[in-house]
file upload08.cif (mmCIF, C-alpha atoms)
data_protein
#
loop_
_atom_site.label_atom_id
_atom_site.label_comp_id
_atom_site.auth_asym_id
_atom_site.auth_seq_id
_atom_site.Cartn_x
_atom_site.Cartn_y
_atom_site.Cartn_z
CA MET I 1 0.00 0.00 0.00
CA GLU I 2 2.78 2.34 0.96
CA LEU I 3 4.67 1.32 -2.15
CA LEU I 4 1.59 2.08 -4.26
CA THR I 5 0.94 5.53 -2.79
CA LEU I 6 4.62 6.35 -3.25
CA LEU I 7 4.43 5.27 -6.89
CA LEU I 8 1.23 7.21 -7.55
CA ALA I 9 2.67 10.37 -6.00
CA LYS I 10 5.89 9.99 -7.97
CA GLN I 11 4.06 9.48 -11.27
CA ALA I 12 1.72 12.36 -10.44
CA LEU I 13 0.65 13.39 -13.95
CA ILE I 14 0.05 9.80 -15.04
CA THR I 15 -2.03 9.22 -11.91
CA ALA I 16 -4.04 12.33 -12.79
CA PHE I 17 -4.73 10.97 -16.30
CA LEU I 18 -6.01 7.74 -14.77
CA LEU I 19 -8.10 9.52 -12.14
CA ILE I 20 -9.70 12.01 -14.54
CA GLY I 21 -10.43 9.18 -16.95
CA ALA I 22 -12.19 7.27 -14.18
CA VAL I 23 -14.12 10.37 -13.05
CA THR I 24 -15.19 11.02 -16.65
CA ALA I 25 -16.30 7.42 -17.22
CA PHE I 26 -18.30 7.42 -13.99
CA SER I 27 -19.87 10.79 -14.89
CA TYR I 28 -20.98 9.67 -18.35
CA TRP I 29 -22.43 6.52 -16.83
CA LEU I 30 -24.24 8.61 -14.21
CA SER I 31 -25.47 11.02 -16.87
CA ALA I 32 -26.89 8.19 -18.98
CA LYS I 33 -28.41 6.29 -16.05
CA LEU I 34 -29.87 9.04 -13.89
CA SER I 35 -30.71 11.83 -16.32
CA ARG I 36 -30.91 9.76 -19.53
CA GLY I 37 -28.42 12.13 -21.06
CA VAL I 38 -30.40 15.30 -20.27
CA ILE I 39 -27.54 16.58 -18.13
CA HIS I 40 -24.44 16.20 -20.28
CA GLY I 41 -21.73 13.81 -19.08
CA SER I 42 -19.10 16.53 -19.13
CA ALA I 43 -21.31 18.75 -16.95
CA VAL I 44 -21.55 15.92 -14.43
CA ALA I 45 -17.78 15.39 -14.63
CA ILE I 46 -17.06 19.05 -13.92
CA ALA I 47 -19.53 19.13 -11.03
CA LEU I 48 -17.95 15.96 -9.69
CA GLY I 49 -14.52 17.57 -10.07
CA LEU I 50 -15.69 20.53 -8.00
CA LEU I 51 -17.10 18.18 -5.36
CA LEU I 52 -13.75 16.34 -5.20
CA ALA I 53 -12.03 19.71 -4.89
CA TYR I 54 -14.28 20.55 -1.95
CA LEU I 55 -13.58 17.23 -0.24
CA GLY I 56 -9.87 17.61 -0.94
CA GLY I 57 -9.95 21.04 0.67
CA LEU I 58 -11.75 19.67 3.72
CA TYR I 59 -9.25 16.82 4.03
CA SER I 60 -6.04 18.77 3.52
CA GLY I 61 -6.99 22.31 4.51
CA GLY I 62 -5.10 23.59 1.46
CA SER I 63 -6.25 25.87 -1.36
CA LYS I 64 -5.68 23.61 -4.38
CA GLY I 65 -8.62 21.27 -3.86
CA LEU I 66 -7.91 17.63 -4.56
CA ALA I 67 -4.39 18.48 -5.71
CA ASP I 68 -3.29 19.16 -2.12
CA ILE I 69 -3.43 15.43 -1.42
CA ALA I 70 0.00 14.07 -2.40
CA VAL I 71 -1.33 11.13 -4.43
CA PHE I 72 -3.46 13.48 -6.55
CA SER I 73 -0.94 16.30 -6.89
CA GLY I 74 -0.74 15.70 -10.65
CA VAL I 75 -4.25 17.12 -10.99
CA ALA I 76 -2.78 20.57 -10.33
CA PHE I 77 -0.45 20.22 -13.31
CA MET I 78 -3.02 18.64 -15.63
CA GLY I 79 -5.62 21.27 -14.75
CA GLY I 80 -3.14 24.14 -14.45
CA ALA I 81 -3.13 27.27 -16.57
CA MET I 82 -0.40 26.01 -18.91
CA LEU I 83 -2.12 22.90 -20.24
CA ARG I 84 -5.53 24.58 -20.01
CA ASP I 85 -4.46 27.41 -22.30
CA PHE I 86 -2.72 24.95 -24.63
CA ALA I 87 -5.94 22.97 -24.99
CA ILE I 88 -8.10 26.10 -25.35
CA VAL I 89 -5.95 27.32 -28.23
CA ALA I 90 -6.19 23.87 -29.84
CA THR I 91 -10.00 24.11 -29.82
CA ALA I 92 -9.72 27.07 -32.19
CA PHE I 93 -8.56 24.62 -34.87
CA GLY I 94 -11.40 24.51 -37.37
CA ALA I 95 -13.35 27.35 -35.77
CA ASP I 96 -15.52 29.55 -37.96
CA THR I 97 -13.44 32.66 -38.57
CA ARG I 98 -16.39 34.42 -40.21
CA ALA I 99 -18.41 34.32 -36.99
CA LEU I 100 -15.40 35.58 -35.05
CA LYS I 101 -15.01 38.54 -37.41
CA GLN I 102 -18.69 39.39 -37.57
CA ALA I 103 -19.31 39.25 -33.84
CA GLY I 104 -15.94 40.78 -33.01
CA TRP I 105 -17.23 44.22 -32.11
CA ALA I 106 -20.10 42.85 -30.03
CA GLY I 107 -17.62 40.59 -28.27
CA ALA I 108 -15.28 43.49 -27.52
CA LEU I 109 -18.17 45.58 -26.25
CA SER I 110 -19.41 42.75 -24.05
CA VAL I 111 -15.97 42.50 -22.38
CA VAL I 112 -16.03 46.14 -21.28
CA ILE I 113 -19.67 45.99 -20.22
CA GLY I 114 -19.10 42.66 -18.47
CA VAL I 115 -16.25 44.11 -16.39
CA VAL I 116 -18.21 47.24 -15.46
CA LEU I 117 -21.37 45.28 -14.71
CA SER I 118 -19.74 42.76 -12.37
CA PHE I 119 -17.76 45.56 -10.76
CA VAL I 120 -20.89 47.62 -10.06
CA VAL I 121 -22.72 44.61 -8.62
CA GLY I 122 -19.76 43.73 -6.38
CA ALA I 123 -19.31 47.33 -5.27
CA LEU I 124 -23.01 47.70 -4.43
CA VAL I 125 -22.92 44.51 -2.37
CA ALA I 126 -19.86 45.83 -0.52
CA VAL I 127 -21.76 49.05 0.27
CA ALA I 128 -24.81 47.04 1.35
CA PHE I 129 -22.57 45.14 3.78
CA GLY I 130 -21.44 48.40 5.36
CA TYR I 131 -18.20 49.22 3.58
CA THR I 132 -17.68 52.94 3.11
CA ASP I 133 -14.09 53.49 2.02
CA ALA I 134 -13.46 53.68 -1.69
CA VAL I 135 -10.45 51.31 -1.69
CA ALA I 136 -12.39 48.44 -0.08
CA ILE I 137 -15.47 48.98 -2.27
CA THR I 138 -13.33 49.06 -5.42
CA THR I 139 -11.36 45.95 -4.45
CA ILE I 140 -14.48 43.90 -3.71
CA GLY I 141 -16.10 45.15 -6.92
CA ALA I 142 -12.98 44.09 -8.82
CA GLY I 143 -13.17 40.66 -7.16
CA ALA I 144 -16.67 40.22 -8.53
CA ALA I 145 -15.07 40.54 -11.99
CA THR I 146 -12.51 37.75 -11.47
CA TYR I 147 -10.41 36.45 -8.61
CA ILE I 148 -7.36 37.82 -10.37
CA VAL I 149 -8.68 41.36 -10.95
CA GLY I 150 -9.59 41.58 -7.24
CA PRO I 151 -6.15 41.07 -5.69
CA VAL I 152 -4.37 42.96 -8.51
CA THR I 153 -6.61 45.96 -7.85
CA GLY I 154 -6.44 45.60 -4.08
CA THR I 155 -2.65 45.43 -4.13
CA ALA I 156 -2.41 48.45 -6.42
CA LEU I 157 -4.69 50.50 -4.16
CA GLY I 158 -3.23 49.25 -0.87
CA ALA I 159 -6.32 47.46 0.41
CA SER I 160 -6.16 45.40 3.62
CA SER I 161 -5.48 41.68 3.30
CA GLU I 162 -8.93 40.97 4.74
CA VAL I 163 -10.59 42.91 1.92
CA ILE I 164 -8.34 41.26 -0.68
CA ALA I 165 -9.31 37.85 0.68
CA LEU I 166 -12.98 38.83 0.33
CA SER I 167 -12.43 39.89 -3.28
CA VAL I 168 -10.76 36.56 -4.06
CA GLY I 169 -13.71 34.83 -2.38
CA ALA I 170 -16.23 36.70 -4.55
CA GLY I 171 -14.25 35.77 -7.68
CA LEU I 172 -14.08 32.11 -6.64
CA VAL I 173 -17.82 31.98 -6.04
CA LYS I 174 -18.38 33.48 -9.48
CA SER I 175 -16.07 31.04 -11.21
CA VAL I 176 -17.56 27.97 -9.52
CA LEU I 177 -21.12 29.15 -10.14
CA VAL I 178 -20.43 29.84 -13.83
CA MET I 179 -19.07 26.30 -14.23
CA ILE I 180 -22.10 24.71 -12.61
CA GLY I 181 -24.75 27.17 -13.77
CA THR I 182 -23.95 27.53 -17.47
CA PRO I 183 -25.24 24.15 -18.66
CA LEU I 184 -28.41 24.67 -16.58
CA VAL I 185 -29.30 28.07 -18.05
CA ALA I 186 -27.77 27.59 -21.53
CA LYS I 187 -31.10 26.89 -23.19
CA SER I 188 -33.00 29.80 -21.67
CA ILE I 189 -30.28 32.36 -22.49
CA GLY I 190 -29.85 31.04 -26.04
CA LEU I 191 -26.28 29.86 -25.60
CA ASN I 192 -26.18 27.64 -28.68
CA ASN I 193 -24.31 29.56 -31.39
CA PRO I 194 -20.91 31.24 -31.88
CA TYR I 195 -22.39 34.74 -31.47
CA SER I 196 -23.95 34.18 -28.05
CA ALA I 197 -20.85 32.21 -26.99
CA MET I 198 -18.66 35.25 -27.72
CA VAL I 199 -21.01 37.50 -25.78
CA TYR I 200 -21.11 34.95 -22.96
CA GLY I 201 -17.30 34.82 -22.75
CA GLY I 202 -17.13 38.60 -22.68
CA LEU I 203 -19.82 39.10 -20.05
CA MET I 204 -18.70 36.31 -17.72
CA GLY I 205 -14.98 36.75 -18.20
CA THR I 206 -13.70 34.30 -15.62
CA THR I 207 -11.42 32.07 -17.73
CA SER I 208 -11.87 28.94 -15.64
CA GLY I 209 -15.61 29.54 -15.31
CA VAL I 210 -16.08 30.07 -19.03
CA ALA I 211 -13.81 27.13 -19.89
CA GLY I 212 -15.78 24.84 -17.58
CA GLY I 213 -19.19 26.26 -18.43
CA LEU I 214 -18.79 25.87 -22.18
CA ALA I 215 -17.20 22.43 -21.87
CA ALA I 216 -20.26 21.32 -19.95
CA THR I 217 -22.66 22.92 -22.44
CA ASP I 218 -21.23 22.38 -25.92
CA PRO I 219 -17.48 21.99 -26.56
CA LYS I 220 -17.93 23.37 -30.08
CA LEU I 221 -18.59 26.80 -28.57
CA VAL I 222 -15.35 26.86 -26.56
CA PRO I 223 -13.15 28.83 -28.97
CA TYR I 224 -15.70 31.63 -29.31
CA GLY I 225 -16.25 32.10 -25.58
CA ALA I 226 -12.57 31.69 -24.75
CA MET I 227 -11.61 34.25 -27.38
CA THR I 228 -13.45 37.08 -25.64
CA ALA I 229 -12.92 35.85 -22.05
CA THR I 230 -9.17 36.05 -22.56
CA PHE I 231 -9.38 39.84 -22.74
CA TYR I 232 -11.56 40.20 -19.66
CA THR I 233 -9.00 39.92 -16.86
CA GLY I 234 -6.66 42.33 -18.67
CA VAL I 235 -9.42 44.87 -19.21
CA GLY I 236 -10.48 44.43 -15.57
CA CYS I 237 -6.95 45.01 -14.29
CA LEU I 238 -6.82 48.09 -16.48
CA LEU I 239 -10.17 49.66 -15.55
CA ALA I 240 -10.69 48.71 -11.90
CA PRO I 241 -7.71 50.42 -10.21
CA SER I 242 -8.01 53.48 -12.48
CA VAL I 243 -11.27 54.77 -14.00
CA LEU I 244 -13.59 52.66 -11.85
CA PHE I 245 -11.70 53.55 -8.65
CA PHE I 246 -11.88 57.28 -9.47
CA ILE I 247 -15.62 57.01 -10.02
CA VAL I 248 -16.11 55.14 -6.73
CA ARG I 249 -13.96 57.69 -4.89
CA ALA I 250 -15.98 60.54 -6.36
CA ILE I 251 -19.24 58.98 -5.19
CA ALA I 252 -18.20 57.48 -1.83
CA MET T 1 4.36 14.24 -38.36
CA VAL T 2 2.32 14.63 -35.19
CA ILE T 3 4.97 16.77 -33.55
CA TYR T 4 4.61 19.44 -36.26
CA GLY T 5 1.03 20.09 -35.17
CA VAL T 6 1.92 20.09 -31.49
CA SER T 7 4.88 22.33 -32.19
CA LEU T 8 2.81 24.80 -34.20
CA LEU T 9 0.31 24.90 -31.35
CA ALA T 10 3.13 25.57 -28.90
CA PHE T 11 4.50 28.36 -31.08
CA CYS T 12 1.06 30.00 -31.29
CA LEU T 13 0.52 29.86 -27.52
CA LEU T 14 3.98 31.20 -26.71
CA ALA T 15 3.79 33.99 -29.29
CA GLY T 16 0.25 34.90 -28.19
CA THR T 17 1.17 34.94 -24.51
CA LEU T 18 4.22 37.08 -25.23
CA ALA T 19 2.07 39.52 -27.20
CA GLY T 20 -0.49 39.59 -24.37
CA ASP T 21 2.23 40.30 -21.80
CA LEU T 22 3.64 43.09 -23.97
CA ILE T 23 0.21 44.69 -24.39
CA GLY T 24 -0.24 44.51 -20.62
CA ARG T 25 3.13 46.16 -20.06
CA LEU T 26 2.34 48.88 -22.60
CA LEU T 27 -0.88 49.61 -20.71
CA GLY T 28 1.06 49.65 -17.45
CA ILE T 29 -0.72 46.71 -15.85
CA GLU T 30 0.63 43.43 -14.55
CA ALA T 31 -1.73 41.21 -16.48
CA ASN T 32 -1.82 39.34 -19.74
CA VAL T 33 -4.22 41.06 -22.15
CA GLY T 34 -5.74 38.63 -24.61
CA GLY T 35 -2.77 36.29 -24.96
CA VAL T 36 -4.85 33.17 -25.49
CA GLY T 37 -7.11 34.98 -27.95
CA ILE T 38 -4.15 36.17 -30.00
CA ALA T 39 -2.76 32.61 -29.94
CA MET T 40 -6.06 31.31 -31.29
CA LEU T 41 -6.06 33.86 -34.09
CA LEU T 42 -2.48 32.84 -34.97
CA LEU T 43 -3.48 29.17 -35.10
CA LEU T 44 -6.47 30.01 -37.28
CA TYR T 45 -4.23 32.00 -39.59
CA PHE T 46 -1.66 29.22 -39.97
CA THR T 47 -4.23 26.47 -40.45
CA SER T 48 -6.84 28.24 -42.60
CA HIS T 49 -7.59 26.73 -45.97
CA ALA T 50 -6.76 30.00 -47.68
CA ASN T 51 -3.22 29.60 -46.42
CA GLN T 52 -1.58 27.45 -49.09
CA ARG T 53 1.98 27.66 -47.86
CA TRP T 54 1.25 26.05 -44.49
CA GLN T 55 -0.94 23.07 -45.35
CA LEU T 56 -0.67 20.56 -42.53
CA ASN T 57 -1.06 16.90 -43.43
CA ALA T 58 -3.43 14.63 -41.54
CA ALA T 59 -0.82 13.40 -39.07
CA SER T 60 0.24 16.94 -38.18
CA GLN T 61 -3.39 17.95 -37.76
CA SER T 62 -3.93 15.09 -35.35
CA GLY T 63 -1.31 16.65 -33.07
CA ILE T 64 -3.60 19.66 -32.70
CA GLN T 65 -6.80 17.60 -32.57
CA PHE T 66 -5.45 15.52 -29.70
CA TRP T 67 -5.04 18.58 -27.50
CA SER T 68 -8.40 19.90 -28.56
CA ALA T 69 -9.94 16.60 -27.47
CA MET T 70 -8.04 16.75 -24.17
CA TYR T 71 -9.75 20.04 -23.42
CA ILE T 72 -12.66 18.61 -21.42
CA PRO T 73 -10.52 16.22 -19.31
CA ILE T 74 -8.17 19.11 -18.58
CA VAL T 75 -11.13 21.23 -17.54
CA VAL T 76 -12.34 18.43 -15.25
CA ALA T 77 -8.87 18.40 -13.65
CA MET T 78 -9.06 22.20 -13.41
CA ALA T 79 -12.39 21.88 -11.59
CA ALA T 80 -10.86 19.33 -9.20
CA LYS T 81 -8.10 21.75 -8.19
CA GLN T 82 -10.31 24.78 -7.56
CA ASN T 83 -10.47 26.26 -4.08
CA VAL T 84 -14.13 25.31 -3.67
CA LEU T 85 -13.83 25.21 0.11
CA GLY T 86 -12.44 28.75 0.01
CA ALA T 87 -15.38 29.89 -2.11
CA ILE T 88 -17.92 28.37 0.26
CA GLU T 89 -16.20 29.53 3.44
CA SER T 90 -15.50 33.08 2.30
CA GLY T 91 -18.62 34.43 3.96
CA TRP T 92 -21.86 36.04 2.93
CA LEU T 93 -20.48 39.15 1.29
CA ALA T 94 -18.33 37.17 -1.16
CA LEU T 95 -21.13 34.70 -1.77
CA VAL T 96 -23.75 37.38 -2.49
CA ALA T 97 -21.37 39.44 -4.65
CA GLY T 98 -20.30 36.40 -6.69
CA VAL T 99 -23.81 35.04 -7.17
CA LEU T 100 -25.33 38.39 -8.12
CA ALA T 101 -22.52 39.13 -10.59
CA VAL T 102 -23.23 35.82 -12.34
CA VAL T 103 -27.02 36.23 -12.33
CA VAL T 104 -26.92 39.78 -13.76
CA SER T 105 -24.38 38.78 -16.42
CA PHE T 106 -26.41 35.72 -17.45
CA ALA T 107 -29.49 37.93 -17.78
CA LEU T 108 -27.80 40.24 -20.27
CA ILE T 109 -26.57 37.52 -22.64
CA PRO T 110 -29.77 37.23 -24.75
CA LEU T 111 -29.85 41.00 -25.31
CA PHE T 112 -26.24 41.23 -26.45
CA SER T 113 -26.44 38.08 -28.58
CA ARG T 114 -29.30 39.66 -30.48
CA LEU T 115 -27.17 42.76 -31.06
CA ALA T 116 -24.27 40.59 -32.18
CA ARG T 117 -26.42 38.65 -34.64
CA ARG T 118 -28.05 41.78 -35.98
CA GLY T 119 -24.62 43.27 -36.55
CA ALA T 120 -23.54 40.10 -38.32
CA ALA T 121 -26.66 40.15 -40.50
CA LEU T 122 -26.10 43.78 -41.45
CA GLU T 123 -22.52 43.04 -42.37
CA GLY T 124 -23.71 40.15 -44.50
CA GLU T 125 -25.95 42.45 -46.52
CA LEU T 126 -23.22 44.93 -47.31
#
call {"tool": "encode", "arguments": {"input": "upload08.cif", "output": "structure tokens"}}
result
Amino acid sequence: MELLTLLLAKQALITAFLLIGAVTAFSYWLSAKLSRGVIHGSAVAIALGLLLAYLGGLYSGGSKGLADIAVFSGVAFMGGAMLRDFAIVATAFGADTRALKQAGWAGALSVVIGVVLSFVVGALVAVAFGYTDAVAITTIGAGAATYIVGPVTGTALGASSEVIALSVGAGLVKSVLVMIGTPLVAKSIGLNNPYSAMVYGGLMGTTSGVAGGLAATDPKLVPYGAMTATFYTGVGCLLAPSVLFFIVRAIA
Amino acid sequence: MVIYGVSLLAFCLLAGTLAGDLIGRLLGIEANVGGVGIAMLLLLYFTSHANQRWQLNAASQSGIQFWSAMYIPIVVAMAAKQNVLGAIESGWLALVAGVLAVVVSFALIPLFSRLARRGAALEGEL
């Protein structure tokens, strides 16, 4: 047993391939048996992944979900930003460039509006919870954009670590909810074509959320959503500590 | 050869990420602006049918298709390494802010998609 755990931890990435394969197989079986395919297998697999991440966090007390358990440490590499971005770019192979060109301006617009919208919602919630200083309100608003925009903004403005932690929390909630929620609402928001996928990526913005949400809905839409989402964090880091902060400071 | 496809993919991602970092630096922010998007556009450029000089054969294409097919498993692994506990334990403010941001954004998608399609239709007529 000890020999086996040592082996699995040493061959971390290979173990992750085996584990994710097993999780996927189980999820597709579950999807076919319980929902008769109504809930897509990949949606089940992502939800199951999040559940495992929760249990891993409970077990280890770390911040990398399942990957904090030594045997499953390869999951962090397999699901890390490097391979994720590599695979996202690969999905563009064979994408419809005409749709990308035609919806380009709407996609760009949706990025800016998406950042401002999430920021305003986050900032209003911060105010509702009794925050009055502009730095804290801005940082929490930025966190509602993504969990990267939050700390970048907070650090730039000199927010307290407590407020920065809150902004990361808001961003995490958003990302997890987008992953789980997208396949459930896809039909009612018309997320079934390249145009709405580009708008979706721009409005949601959270790269991991969009990546997971589209994978669970329809993998064919991934390149369109990912294309716009990739600009979101950058635009957020640009707007939040500058223009948006000045506006908040003027009002607060 | 399979490696040609994988290698082209790697070149596109590295070049795109570099461009995204440079744009970020030009704007004075410590963030990558659109790196993955630029990488995707590069890949589309190199692999488009209009591009005669860079025709990839079937084996080379399969090097790209493999990674495209690995996308969902990679995303499942990504889900399994999220700080879900952190999200749940971060308190009511974070929870409410995150949930509302998602709900409001979801609600606006139909409106903007209609605008996007109308724009596309107009362009088609021109």
call {"tool": "closest_atom_pairs", "arguments": {"input": "upload08.cif", "of": "chain T", "to": "chain I", "cutoff": "7 Å", "atoms": "all atoms listed in the file", "output": "Markdown table"}}
result
| residue | atom | partner | partner_atom | distance |
| --- | --- | --- | --- | --- |
| T:Leu9 | CA | I:Ala90 | CA | 6.8 |
| T:Leu13 | CA | I:Phe86 | CA | 6.6 |
| T:Ile29 | CA | I:Leu238 | CA | 6.3 |
| T:Ala31 | CA | I:Gly234 | CA | 5.5 |
| T:Asn32 | CA | I:Gly234 | CA | 5.8 |
| T:Val33 | CA | I:Gly234 | CA | 4.4 |
| T:Gly34 | CA | I:Phe231 | CA | 4.3 |
| T:Gly35 | CA | I:Thr230 | CA | 6.8 |
| T:Val36 | CA | I:Thr230 | CA | 6.0 |
| T:Gly37 | CA | I:Met227 | CA | 4.6 |
| T:Ala39 | CA | I:Val89 | CA | 6.4 |
| T:Met40 | CA | I:Val89 | CA | 5.0 |
| T:Leu43 | CA | I:Phe93 | CA | 6.8 |
| T:Leu44 | CA | I:Phe93 | CA | 6.3 |
| T:Ile64 | CA | I:Ala90 | CA | 5.7 |
| T:Gln65 | CA | I:Ala90 | CA | 6.9 |
| T:Trp67 | CA | I:Ala87 | CA | 5.1 |
| T:Ser68 | CA | I:Thr91 | CA | 4.7 |
| T:Met70 | CA | I:Ala87 | CA | 6.6 |
| T:Tyr71 | CA | I:Ala87 | CA | 5.1 |
| T:Ile72 | CA | I:Ala215 | CA | 6.0 |
| T:Pro73 | CA | I:Ile20 | CA | 6.4 |
| T:Ile74 | CA | I:Gly79 | CA | 5.1 |
| T:Val75 | CA | I:Gly212 | CA | 5.9 |
| T:Val76 | CA | I:Ile46 | CA | 4.9 |
| T:Ala77 | CA | I:Gly79 | CA | 4.5 |
| T:Met78 | CA | I:Gly79 | CA | 3.8 |
| T:Ala79 | CA | I:Gly49 | CA | 5.0 |
| T:Ala80 | CA | I:Gly49 | CA | 4.2 |
| T:Lys81 | CA | I:Gly65 | CA | 4.4 |
| T:Gln82 | CA | I:Gly65 | CA | 5.4 |
| T:Asn83 | CA | I:Ser63 | CA | 5.0 |
| T:Val84 | CA | I:Tyr54 | CA | 5.1 |
| T:Leu85 | CA | I:Tyr54 | CA | 5.1 |
| T:Gly86 | CA | I:Gly169 | CA | 6.7 |
| T:Ala87 | CA | I:Val173 | CA | 5.1 |
| T:Ser90 | CA | I:Gly169 | CA | 5.3 |
| T:Leu93 | CA | I:Phe129 | CA | 6.8 |
| T:Ala94 | CA | I:Ala170 | CA | 4.0 |
| T:Leu95 | CA | I:Ala170 | CA | 6.0 |
| T:Ala97 | CA | I:Gly122 | CA | 4.9 |
| T:Gly98 | CA | I:Lys174 | CA | 4.5 |
| T:Val99 | CA | I:Lys174 | CA | 6.1 |
| T:Leu100 | CA | I:Val121 | CA | 6.8 |
| T:Ala101 | CA | I:Ser118 | CA | 4.9 |
| T:Val102 | CA | I:Lys174 | CA | 6.1 |
| T:Ser105 | CA | I:Leu203 | CA | 5.8 |
| T:Ile109 | CA | I:Tyr200 | CA | 6.0 |
| T:Pro110 | CA | I:Ile189 | CA | 5.4 |
| T:Phe112 | CA | I:Val199 | CA | 6.5 |
| T:Ser113 | CA | I:Ser196 | CA | 4.7 |
| T:Ala116 | CA | I:Ala106 | CA | 5.2 |
| T:Arg117 | CA | I:Tyr195 | CA | 6.4 |
| T:Ala120 | CA | I:Gln102 | CA | 5.0 |
call {"tool": "write_last_selection", "arguments": {"input": "upload08.cif", "atoms": "C-alpha atoms", "output": "mmCIF file, in the coordinates of the input"}}
result
data_model
loop_
_atom_site.group_PDB
_atom_site.id
_atom_site.type_symbol
_atom_site.label_atom_id
_atom_site.label_comp_id
_atom_site.auth_asym_id
_atom_site.auth_seq_id
_atom_site.Cartn_x
_atom_site.Cartn_y
_atom_site.Cartn_z
ATOM 1 C CA LEU T 9 0.310 24.900 -31.350
ATOM 2 C CA LEU T 13 0.520 29.860 -27.520
ATOM 3 C CA ILE T 29 -0.720 46.710 -15.850
ATOM 4 C CA ALA T 31 -1.730 41.210 -16.480
ATOM 5 C CA ASN T 32 -1.820 39.340 -19.740
ATOM 6 C CA VAL T 33 -4.220 41.060 -22.150
ATOM 7 C CA GLY T 34 -5.740 38.630 -24.610
ATOM 8 C CA GLY T 35 -2.770 36.290 -24.960
ATOM 9 C CA VAL T 36 -4.850 33.170 -25.490
ATOM 10 C CA GLY T 37 -7.110 34.980 -27.950
ATOM 11 C CA ALA T 39 -2.760 32.610 -29.940
ATOM 12 C CA MET T 40 -6.060 31.310 -31.290
ATOM 13 C CA LEU T 43 -3.480 29.170 -35.100
ATOM 14 C CA LEU T 44 -6.470 30.010 -37.280
ATOM 15 C CA ILE T 64 -3.600 19.660 -32.700
ATOM 16 C CA GLN T 65 -6.800 17.600 -32.570
ATOM 17 C CA TRP T 67 -5.040 18.580 -27.500
ATOM 18 C CA SER T 68 -8.400 19.900 -28.560
ATOM 19 C CA MET T 70 -8.040 16.750 -24.170
ATOM 20 C CA TYR T 71 -9.750 20.040 -23.420
ATOM 21 C CA ILE T 72 -12.660 18.610 -21.420
ATOM 22 C CA PRO T 73 -10.520 16.220 -19.310
ATOM 23 C CA ILE T 74 -8.170 19.110 -18.580
ATOM 24 C CA VAL T 75 -11.130 21.230 -17.540
ATOM 25 C CA VAL T 76 -12.340 18.430 -15.250
ATOM 26 C CA ALA T 77 -8.870 18.400 -13.650
ATOM 27 C CA MET T 78 -9.060 22.200 -13.410
ATOM 28 C CA ALA T 79 -12.390 21.880 -11.590
ATOM 29 C CA ALA T 80 -10.860 19.330 -9.200
ATOM 30 C CA LYS T 81 -8.100 21.750 -8.190
ATOM 31 C CA GLN T 82 -10.310 24.780 -7.560
ATOM 32 C CA ASN T 83 -10.470 26.260 -4.080
ATOM 33 C CA VAL T 84 -14.130 25.310 -3.670
ATOM 34 C CA LEU T 85 -13.830 25.210 0.110
ATOM 35 C CA GLY T 86 -12.440 28.750 0.010
ATOM 36 C CA ALA T 87 -15.380 29.890 -2.110
ATOM 37 C CA SER T 90 -15.500 33.080 2.300
ATOM 38 C CA LEU T 93 -20.480 39.150 1.290
ATOM 39 C CA ALA T 94 -18.330 37.170 -1.160
ATOM 40 C CA LEU T 95 -21.130 34.700 -1.770
ATOM 41 C CA ALA T 97 -21.370 39.440 -4.650
ATOM 42 C CA GLY T 98 -20.300 36.400 -6.690
ATOM 43 C CA VAL T 99 -23.810 35.040 -7.170
ATOM 44 C CA LEU T 100 -25.330 38.390 -8.120
ATOM 45 C CA ALA T 101 -22.520 39.130 -10.590
ATOM 46 C CA VAL T 102 -23.230 35.820 -12.340
ATOM 47 C CA SER T 105 -24.380 38.780 -16.420
ATOM 48 C CA ILE T 109 -26.570 37.520 -22.640
ATOM 49 C CA PRO T 110 -29.770 37.230 -24.750
ATOM 50 C CA PHE T 112 -26.240 41.230 -26.450
ATOM 51 C CA SER T 113 -26.440 38.080 -28.580
ATOM 52 C CA ALA T 116 -24.270 40.590 -32.180
ATOM 53 C CA ARG T 117 -26.420 38.650 -34.640
ATOM 54 C CA ALA T 120 -23.540 40.100 -38.320
#
call {"tool": "axis_aligned_box", "arguments": {"input": "upload08.cif", "around": "region 64-79 of chain T", "padding_each_side": "5 Å", "output": "lines of an AutoDock Vina configuration file"}}
result
center_x = -8.1
center_y = 18.9
center_z = -22.1
size_x = 19.1
size_y = 16.7
size_z = 31.1
call {"tool": "atom_distance", "arguments": {"input": "upload08.cif", "atom1": "CA of Thr5 (chain I)", "atom2": "CA of Trp29 (chain I)"}}
result
27.3 Å
call {"tool": "atom_distance", "arguments": {"input": "upload08.cif", "atom1": "CA of Tyr4 (chain T)", "atom2": "CA of Ser62 (chain T)"}}
result
9.6 Å
call {"tool": "atom_distance", "arguments": {"input": "upload08.cif", "atom1": "CA of Asp133 (chain I)", "atom2": "CA of Ala252 (chain I)"}}
result
6.9 Å
call {"tool": "residues_around", "arguments": {"input": "upload08.cif", "residues": "Val2 (chain T)", "least_positions_apart": "6", "cutoff": "8 Å", "atoms": "all atoms listed in the file", "output": "ChimeraX atom specification"}}
result
/T:59-63
call {"tool": "closest_residue", "arguments": {"input": "upload08.cif", "among": "T:Leu8, T:Leu14, T:Leu27, T:Met1", "to": "Ser242 (chain I)", "atoms": "only C-alpha atoms"}}
result
T:Leu27
